[in-house]
Amino acid sequence: MSDTALPSVLFVCVHNAGRSQMAAAFLTHLAGDRVQVRSAGSAPADSVNPAVVAAMAEVGIDVSAEVPKVLTVEAVQASDVVITMGCGDTCPVFPGKRYLDWQLPDPAGQGVEAVRPIRDEIEQRIRGLLDEIAPEGQA
């Protein structure tokens, strides 16, 4: 099977240091090789939010080696589904792509206690998305 046969999802937030990193990590963790996963930010931070790293470690997912990436036109064009999380008008829009906007609090500057409910909400949304785009047993 070629990579093009896999559904691909791009998660975008402003800094690519919190919400989009958590979403990408959950989808990668839960989907394995059934989905191609990307994340990016319209104004990437220097590193992933430490509270996000800690919150994800609590559920057994290590994002400590992830690096925020800049949003490119190519990443959007290469994705089937683009999920934005608070990047507003800075996200490019292309015809034929499916866009979802997940309204989630920004974990920037928050402690791990504030990040946990955001993490849990993202996990629930990822599980629903995965059931829709790449159900178990589809290979």
# chains A, B, ... in the order shown; residues from 1 in each chain; ligands from 1
$ residues_around --residues "Gln110 (chain A)" --least-positions-apart "6" --cutoff "10 Å" --atoms "only C-alpha atoms" --output "PyMOL selection string"
chain A and resi 49-52
$ select_by_dssp --residues "chain A" --states "strand (DSSP E)" --output "ChimeraX atom specification"
/A:8-13,36-41,81-85,98-101
$ write_last_selection --atoms "C-alpha atoms" --output "PDB file, in the first residue's frame"
ATOM      1  CA  SER A   8      -3.674  12.153   6.225  1.00  0.00           C
ATOM      2  CA  VAL A   9      -4.418  14.675   8.946  1.00  0.00           C
ATOM      3  CA  LEU A  10      -2.722  17.987   9.670  1.00  0.00           C
ATOM      4  CA  PHE A  11      -3.182  19.614  13.087  1.00  0.00           C
ATOM      5  CA  VAL A  12      -2.538  23.360  13.199  1.00  0.00           C
ATOM      6  CA  CYS A  13      -2.353  25.793  16.104  1.00  0.00           C
ATOM      7  CA  GLN A  36      -0.411   9.868   8.166  1.00  0.00           C
ATOM      8  CA  VAL A  37      -0.082  12.575  10.838  1.00  0.00           C
ATOM      9  CA  ARG A  38       1.394  16.068  10.640  1.00  0.00           C
ATOM     10  CA  SER A  39       1.329  19.097  12.917  1.00  0.00           C
ATOM     11  CA  ALA A  40       2.436  22.667  12.426  1.00  0.00           C
ATOM     12  CA  GLY A  41       2.036  26.206  13.704  1.00  0.00           C
ATOM     13  CA  VAL A  81      -8.171  16.691   6.784  1.00  0.00           C
ATOM     14  CA  VAL A  82      -6.883  19.942   8.298  1.00  0.00           C
ATOM     15  CA  ILE A  83      -7.824  20.509  11.926  1.00  0.00           C
ATOM     16  CA  THR A  84      -7.217  24.016  13.201  1.00  0.00           C
ATOM     17  CA  MET A  85      -7.062  24.966  16.846  1.00  0.00           C
ATOM     18  CA  ARG A  98     -11.864  19.003   4.766  1.00  0.00           C
ATOM     19  CA  TYR A  99     -11.446  21.580   7.525  1.00  0.00           C
ATOM     20  CA  LEU A 100     -12.444  21.190  11.157  1.00  0.00           C
ATOM     21  CA  ASP A 101     -11.941  23.901  13.745  1.00  0.00           C
TER      22      ASP A 101
END
$ atom_distance --atom1 "CA of Val59 (chain A)" --atom2 "CA of Leu6 (chain A)"
26.1 Å
$ atom_distance --atom1 "CA of Lys97 (chain A)" --atom2 "CA of Leu130 (chain A)"
17.0 Å
$ select_by_dssp --residues "region 10-138 of chain A" --states "helix (DSSP H, G or I)" --output "PyMOL selection string"
chain A and resi 19-34+50-58+73-77+88-90+112-133
$ decode --residues "region 62-105 of chain A" --atoms "N, CA and C atoms" --output "CSV table (one decimal), in the first residue's frame"
chain,number,residue,atom,x,y,z
A,62,ASP,N,5.2,10.0,25.0
A,62,ASP,CA,6.3,10.9,25.1
A,62,ASP,C,6.4,11.9,23.9
A,63,VAL,N,6.2,13.1,24.2
A,63,VAL,CA,6.3,14.2,23.2
A,63,VAL,C,7.6,15.0,23.4
A,64,SER,N,8.5,14.6,24.3
A,64,SER,CA,9.6,15.5,24.7
A,64,SER,C,10.6,15.7,23.5
A,65,ALA,N,10.6,14.8,22.6
A,65,ALA,CA,11.5,15.0,21.4
A,65,ALA,C,10.9,15.8,20.3
A,66,GLU,N,9.6,16.1,20.4
A,66,GLU,CA,9.0,16.8,19.3
A,66,GLU,C,9.4,18.3,19.2
A,67,VAL,N,9.4,18.8,18.0
A,67,VAL,CA,9.9,20.2,17.8
A,67,VAL,C,8.8,20.9,17.0
A,68,PRO,N,8.4,22.1,17.5
A,68,PRO,CA,7.4,22.8,16.7
A,68,PRO,C,7.8,23.1,15.3
A,69,LYS,N,6.9,22.9,14.4
A,69,LYS,CA,7.2,23.1,12.9
A,69,LYS,C,6.4,24.2,12.4
A,70,VAL,N,6.9,24.9,11.4
A,70,VAL,CA,6.2,26.0,10.7
A,70,VAL,C,5.2,25.4,9.7
A,71,LEU,N,4.0,26.1,9.7
A,71,LEU,CA,3.0,25.7,8.7
A,71,LEU,C,3.4,26.0,7.3
A,72,THR,N,3.3,25.0,6.4
A,72,THR,CA,3.6,25.3,5.0
A,72,THR,C,2.4,25.0,4.1
A,73,VAL,N,2.4,25.6,3.0
A,73,VAL,CA,1.4,25.3,2.0
A,73,VAL,C,1.4,23.9,1.6
A,74,GLU,N,2.6,23.3,1.5
A,74,GLU,CA,2.8,21.9,1.1
A,74,GLU,C,2.2,21.0,2.1
A,75,ALA,N,2.3,21.3,3.4
A,75,ALA,CA,1.7,20.4,4.4
A,75,ALA,C,0.2,20.4,4.3
A,76,VAL,N,-0.4,21.6,4.0
A,76,VAL,CA,-1.9,21.6,3.9
A,76,VAL,C,-2.3,20.9,2.6
A,77,GLN,N,-1.6,21.1,1.5
A,77,GLN,CA,-1.9,20.4,0.3
A,77,GLN,C,-1.8,18.9,0.4
A,78,ALA,N,-0.9,18.4,1.2
A,78,ALA,CA,-0.6,17.0,1.3
A,78,ALA,C,-1.6,16.3,2.3
A,79,SER,N,-2.5,17.0,2.9
A,79,SER,CA,-3.4,16.5,3.9
A,79,SER,C,-4.8,16.4,3.4
A,80,ASP,N,-5.5,15.4,3.9
A,80,ASP,CA,-6.9,15.2,3.5
A,80,ASP,C,-7.8,16.0,4.5
A,81,VAL,N,-7.4,16.0,5.8
A,81,VAL,CA,-8.2,16.7,6.8
A,81,VAL,C,-7.2,17.7,7.5
A,82,VAL,N,-7.7,18.9,7.6
A,82,VAL,CA,-6.9,19.9,8.3
A,82,VAL,C,-7.7,20.4,9.5
A,83,ILE,N,-7.1,20.2,10.7
A,83,ILE,CA,-7.8,20.5,11.9
A,83,ILE,C,-7.1,21.7,12.6
A,84,THR,N,-7.8,22.8,12.6
A,84,THR,CA,-7.2,24.0,13.2
A,84,THR,C,-7.7,24.2,14.6
A,85,MET,N,-6.8,24.8,15.4
A,85,MET,CA,-7.1,25.0,16.8
A,85,MET,C,-6.6,26.4,17.2
A,86,GLY,N,-7.5,27.3,16.8
A,86,GLY,CA,-7.2,28.7,17.3
A,86,GLY,C,-6.2,29.5,16.4
A,87,CYS,N,-6.0,29.1,15.2
A,87,CYS,CA,-5.0,29.9,14.4
A,87,CYS,C,-5.7,30.9,13.5
A,88,GLY,N,-7.1,30.9,13.5
A,88,GLY,CA,-7.8,31.9,12.9
A,88,GLY,C,-7.5,32.0,11.4
A,89,ASP,N,-7.3,33.3,10.9
A,89,ASP,CA,-7.2,33.5,9.5
A,89,ASP,C,-5.8,33.2,9.0
A,90,THR,N,-4.9,32.8,9.9
A,90,THR,CA,-3.5,32.5,9.4
A,90,THR,C,-3.4,31.1,8.8
A,91,CYS,N,-4.4,30.3,8.9
A,91,CYS,CA,-4.4,29.0,8.3
A,91,CYS,C,-4.8,29.1,6.8
A,92,PRO,N,-4.0,28.6,5.9
A,92,PRO,CA,-4.4,28.7,4.5
A,92,PRO,C,-5.5,27.7,4.2
A,93,VAL,N,-6.4,28.1,3.3
A,93,VAL,CA,-7.5,27.2,2.9
A,93,VAL,C,-7.4,26.9,1.5
A,94,PHE,N,-7.6,25.6,1.2
A,94,PHE,CA,-7.5,25.1,-0.2
A,94,PHE,C,-8.8,24.4,-0.5
A,95,PRO,N,-9.3,24.5,-1.7
A,95,PRO,CA,-10.5,23.8,-2.1
A,95,PRO,C,-10.3,22.3,-2.1
A,96,GLY,N,-11.3,21.6,-1.7
A,96,GLY,CA,-11.2,20.1,-1.7
A,96,GLY,C,-10.7,19.5,-0.5
A,97,LYS,N,-10.2,20.3,0.5
A,97,LYS,CA,-9.8,19.8,1.8
A,97,LYS,C,-10.9,19.9,2.8
A,98,ARG,N,-10.9,19.0,3.7
A,98,ARG,CA,-11.9,19.0,4.8
A,98,ARG,C,-11.2,19.7,5.9
A,99,TYR,N,-11.9,20.8,6.4
A,99,TYR,CA,-11.4,21.6,7.5
A,99,TYR,C,-12.3,21.4,8.7
A,100,LEU,N,-11.7,21.2,9.9
A,100,LEU,CA,-12.4,21.2,11.2
A,100,LEU,C,-11.8,22.2,12.0
A,101,ASP,N,-12.5,23.0,12.8
A,101,ASP,CA,-11.9,23.9,13.7
A,101,ASP,C,-12.3,23.5,15.1
A,102,TRP,N,-11.4,23.0,15.9
A,102,TRP,CA,-11.6,22.6,17.3
A,102,TRP,C,-11.3,23.7,18.2
A,103,GLN,N,-12.4,24.2,18.9
A,103,GLN,CA,-12.3,25.3,19.8
A,103,GLN,C,-11.8,24.7,21.2
A,104,LEU,N,-10.5,24.9,21.4
A,104,LEU,CA,-9.9,24.3,22.7
A,104,LEU,C,-9.1,25.4,23.3
A,105,PRO,N,-9.1,25.4,24.7
A,105,PRO,CA,-8.3,26.4,25.4
A,105,PRO,C,-6.9,26.3,25.0
